[in-house]
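J.: I'd like to ask you about the structure that follows.
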Amino acid sequence: IECMVLTSIIKGEMDLLNNTVSNITSIIKEICSEESRSIAKECEYMVSSMNHITSLVHKNVNVTQICRDIGMCPNSTNSSTMPHHHMIM
């Protein structure tokens with residue numbers, strides 16, 4: 001669910017403000033710094049995937065599909081795309 005929320009924010013920032021990837025990355029980092037540690041790894045992965053995410057947003061891919069594509073949707077069959085070093089506890 002965090003992926004979908006953060007991706008929606010990214011999409012909104014791109015749609016409304018025509019922001020640069022750098023500015024949007026800063027916004028996501030700020031949001032993540034205010035959130036609990038439980039989503040820290042998801043936030044790090046979202047930030048590291050920002051270019052791919054923004055590319056998909058530009059192609060009008062929906063939020064759920066973006067999260068599946070980057071392997072962060074809980075029911076994703078593509079979850080192995082998330083690098084293993086991000087999944088280490």
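Quick note on naming: the chains in the structure tokens go A, B, ... in the order shown, residues restart at 1 in each chain, and ligands are numbered from 1 in order of appearance.
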Determine which residues of stretch 35-78 of chain A receive a DSSP assignment of alpha helix (DSSP H), computed from the backbone, and state them as a PDB file with N, CA, C and O atoms, in the first residue's frame.
T.:
ATOM      1  N   ALA A  40      10.850   2.146   5.879  1.00  0.00           N
ATOM      2  CA  ALA A  40      12.118   2.738   5.447  1.00  0.00           C
ATOM      3  C   ALA A  40      12.692   2.039   4.216  1.00  0.00           C
ATOM      4  O   ALA A  40      13.141   2.701   3.279  1.00  0.00           O
ATOM      5  N   LYS A  41      12.673   0.723   4.206  1.00  0.00           N
ATOM      6  CA  LYS A  41      13.231  -0.010   3.069  1.00  0.00           C
ATOM      7  C   LYS A  41      12.414   0.231   1.793  1.00  0.00           C
ATOM      8  O   LYS A  41      12.968   0.369   0.713  1.00  0.00           O
ATOM      9  N   GLU A  42      11.084   0.298   1.944  1.00  0.00           N
ATOM     10  CA  GLU A  42      10.243   0.588   0.796  1.00  0.00           C
ATOM     11  C   GLU A  42      10.558   1.983   0.255  1.00  0.00           C
ATOM     12  O   GLU A  42      10.644   2.184  -0.955  1.00  0.00           O
ATOM     13  N   CYS A  43      10.741   2.934   1.163  1.00  0.00           N
ATOM     14  CA  CYS A  43      11.066   4.293   0.742  1.00  0.00           C
ATOM     15  C   CYS A  43      12.394   4.337  -0.002  1.00  0.00           C
ATOM     16  O   CYS A  43      12.507   4.964  -1.056  1.00  0.00           O
ATOM     17  N   GLU A  44      13.402   3.667   0.547  1.00  0.00           N
ATOM     18  CA  GLU A  44      14.712   3.628  -0.110  1.00  0.00           C
ATOM     19  C   GLU A  44      14.589   3.049  -1.514  1.00  0.00           C
ATOM     20  O   GLU A  44      15.193   3.548  -2.463  1.00  0.00           O
ATOM     21  N   TYR A  45      13.814   1.977  -1.628  1.00  0.00           N
ATOM     22  CA  TYR A  45      13.656   1.335  -2.933  1.00  0.00           C
ATOM     23  C   TYR A  45      12.897   2.241  -3.904  1.00  0.00           C
ATOM     24  O   TYR A  45      13.255   2.330  -5.083  1.00  0.00           O
ATOM     25  N   MET A  46      11.879   2.933  -3.401  1.00  0.00           N
ATOM     26  CA  MET A  46      11.130   3.870  -4.254  1.00  0.00           C
ATOM     27  C   MET A  46      12.057   4.963  -4.776  1.00  0.00           C
ATOM     28  O   MET A  46      12.034   5.302  -5.952  1.00  0.00           O
ATOM     29  N   VAL A  47      12.890   5.509  -3.898  1.00  0.00           N
ATOM     30  CA  VAL A  47      13.822   6.567  -4.295  1.00  0.00           C
ATOM     31  C   VAL A  47      14.809   6.029  -5.325  1.00  0.00           C
ATOM     32  O   VAL A  47      15.072   6.677  -6.339  1.00  0.00           O
ATOM     33  N   SER A  48      15.321   4.813  -5.101  1.00  0.00           N
ATOM     34  CA  SER A  48      16.290   4.255  -6.043  1.00  0.00           C
ATOM     35  C   SER A  48      15.648   3.893  -7.384  1.00  0.00           C
ATOM     36  O   SER A  48      16.330   3.804  -8.400  1.00  0.00           O
ATOM     37  N   MET A  50      13.247   5.807  -8.779  1.00  0.00           N
ATOM     38  CA  MET A  50      12.535   7.018  -9.193  1.00  0.00           C
ATOM     39  C   MET A  50      12.535   7.239 -10.707  1.00  0.00           C
ATOM     40  O   MET A  50      11.501   7.569 -11.284  1.00  0.00           O
ATOM     41  N   ASN A  51      13.665   7.050 -11.373  1.00  0.00           N
ATOM     42  CA  ASN A  51      13.700   7.273 -12.827  1.00  0.00           C
ATOM     43  C   ASN A  51      12.746   6.326 -13.549  1.00  0.00           C
ATOM     44  O   ASN A  51      12.033   6.733 -14.471  1.00  0.00           O
ATOM     45  N   HIS A  52      12.728   5.073 -13.119  1.00  0.00           N
ATOM     46  CA  HIS A  52      11.826   4.092 -13.730  1.00  0.00           C
ATOM     47  C   HIS A  52      10.363   4.447 -13.446  1.00  0.00           C
ATOM     48  O   HIS A  52       9.520   4.406 -14.343  1.00  0.00           O
ATOM     49  N   ILE A  53      10.081   4.832 -12.200  1.00  0.00           N
ATOM     50  CA  ILE A  53       8.717   5.191 -11.823  1.00  0.00           C
ATOM     51  C   ILE A  53       8.236   6.388 -12.632  1.00  0.00           C
ATOM     52  O   ILE A  53       7.137   6.375 -13.190  1.00  0.00           O
ATOM     53  N   THR A  54       9.056   7.430 -12.718  1.00  0.00           N
ATOM     54  CA  THR A  54       8.630   8.624 -13.455  1.00  0.00           C
ATOM     55  C   THR A  54       8.470   8.325 -14.941  1.00  0.00           C
ATOM     56  O   THR A  54       7.587   8.876 -15.591  1.00  0.00           O
ATOM     57  N   SER A  55       9.295   7.428 -15.464  1.00  0.00           N
ATOM     58  CA  SER A  55       9.150   7.016 -16.857  1.00  0.00           C
ATOM     59  C   SER A  55       7.787   6.353 -17.085  1.00  0.00           C
ATOM     60  O   SER A  55       7.105   6.635 -18.077  1.00  0.00           O
ATOM     61  N   LEU A  56       7.384   5.490 -16.161  1.00  0.00           N
ATOM     62  CA  LEU A  56       6.084   4.818 -16.282  1.00  0.00           C
ATOM     63  C   LEU A  56       4.937   5.814 -16.127  1.00  0.00           C
ATOM     64  O   LEU A  56       3.925   5.705 -16.826  1.00  0.00           O
ATOM     65  N   VAL A  57       5.095   6.790 -15.217  1.00  0.00           N
ATOM     66  CA  VAL A  57       4.062   7.815 -15.050  1.00  0.00           C
ATOM     67  C   VAL A  57       3.896   8.603 -16.345  1.00  0.00           C
ATOM     68  O   VAL A  57       2.775   8.876 -16.780  1.00  0.00           O
ATOM     69  N   HIS A  58       5.017   8.948 -16.982  1.00  0.00           N
ATOM     70  CA  HIS A  58       4.950   9.664 -18.257  1.00  0.00           C
ATOM     71  C   HIS A  58       4.198   8.872 -19.322  1.00  0.00           C
ATOM     72  O   HIS A  58       3.578   9.448 -20.215  1.00  0.00           O
ATOM     73  N   VAL A  63      -1.135   3.535 -11.184  1.00  0.00           N
ATOM     74  CA  VAL A  63      -0.346   3.388  -9.963  1.00  0.00           C
ATOM     75  C   VAL A  63      -0.162   1.928  -9.577  1.00  0.00           C
ATOM     76  O   VAL A  63       0.940   1.494  -9.238  1.00  0.00           O
ATOM     77  N   THR A  64      -1.225   1.151  -9.616  1.00  0.00           N
ATOM     78  CA  THR A  64      -1.144  -0.266  -9.238  1.00  0.00           C
ATOM     79  C   THR A  64      -0.174  -1.006 -10.146  1.00  0.00           C
ATOM     80  O   THR A  64       0.658  -1.786  -9.677  1.00  0.00           O
ATOM     81  N   GLN A  65      -0.241  -0.738 -11.435  1.00  0.00           N
ATOM     82  CA  GLN A  65       0.645  -1.413 -12.380  1.00  0.00           C
ATOM     83  C   GLN A  65       2.097  -0.993 -12.161  1.00  0.00           C
ATOM     84  O   GLN A  65       3.005  -1.811 -12.290  1.00  0.00           O
ATOM     85  N   ILE A  66       2.327   0.274 -11.829  1.00  0.00           N
ATOM     86  CA  ILE A  66       3.694   0.732 -11.561  1.00  0.00           C
ATOM     87  C   ILE A  66       4.267  -0.046 -10.377  1.00  0.00           C
ATOM     88  O   ILE A  66       5.396  -0.544 -10.430  1.00  0.00           O
ATOM     89  N   CYS A  67       3.490  -0.173  -9.309  1.00  0.00           N
ATOM     90  CA  CYS A  67       3.955  -0.911  -8.133  1.00  0.00           C
ATOM     91  C   CYS A  67       4.220  -2.371  -8.453  1.00  0.00           C
ATOM     92  O   CYS A  67       5.194  -2.957  -7.974  1.00  0.00           O
ATOM     93  N   ARG A  68       3.387  -2.968  -9.279  1.00  0.00           N
ATOM     94  CA  ARG A  68       3.630  -4.345  -9.711  1.00  0.00           C
ATOM     95  C   ARG A  68       4.899  -4.418 -10.548  1.00  0.00           C
ATOM     96  O   ARG A  68       5.709  -5.327 -10.383  1.00  0.00           O
ATOM     97  N   ASP A  69       5.067  -3.449 -11.429  1.00  0.00           N
ATOM     98  CA  ASP A  69       6.211  -3.458 -12.340  1.00  0.00           C
ATOM     99  C   ASP A  69       7.533  -3.359 -11.596  1.00  0.00           C
ATOM    100  O   ASP A  69       8.515  -3.988 -11.988  1.00  0.00           O
TER     101      ASP A  69
END
J.: Would you pick out the contacts of A:Ile9 at 10 Å or less, using only C-alpha atoms, so that residues sharing its chain but fewer than 5 positions from it are not included, and give the list as number ranges by chain?
T.: A: 3-4, 14-15, 24, 27-28, 31, 63
J.: For a test of reading the model, state the distance in Å between atom CA of A:Asn62 and atom CA of A:Thr7, rounded to one decimal.
T.: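 Interatomic distance here is 9.3 Å.
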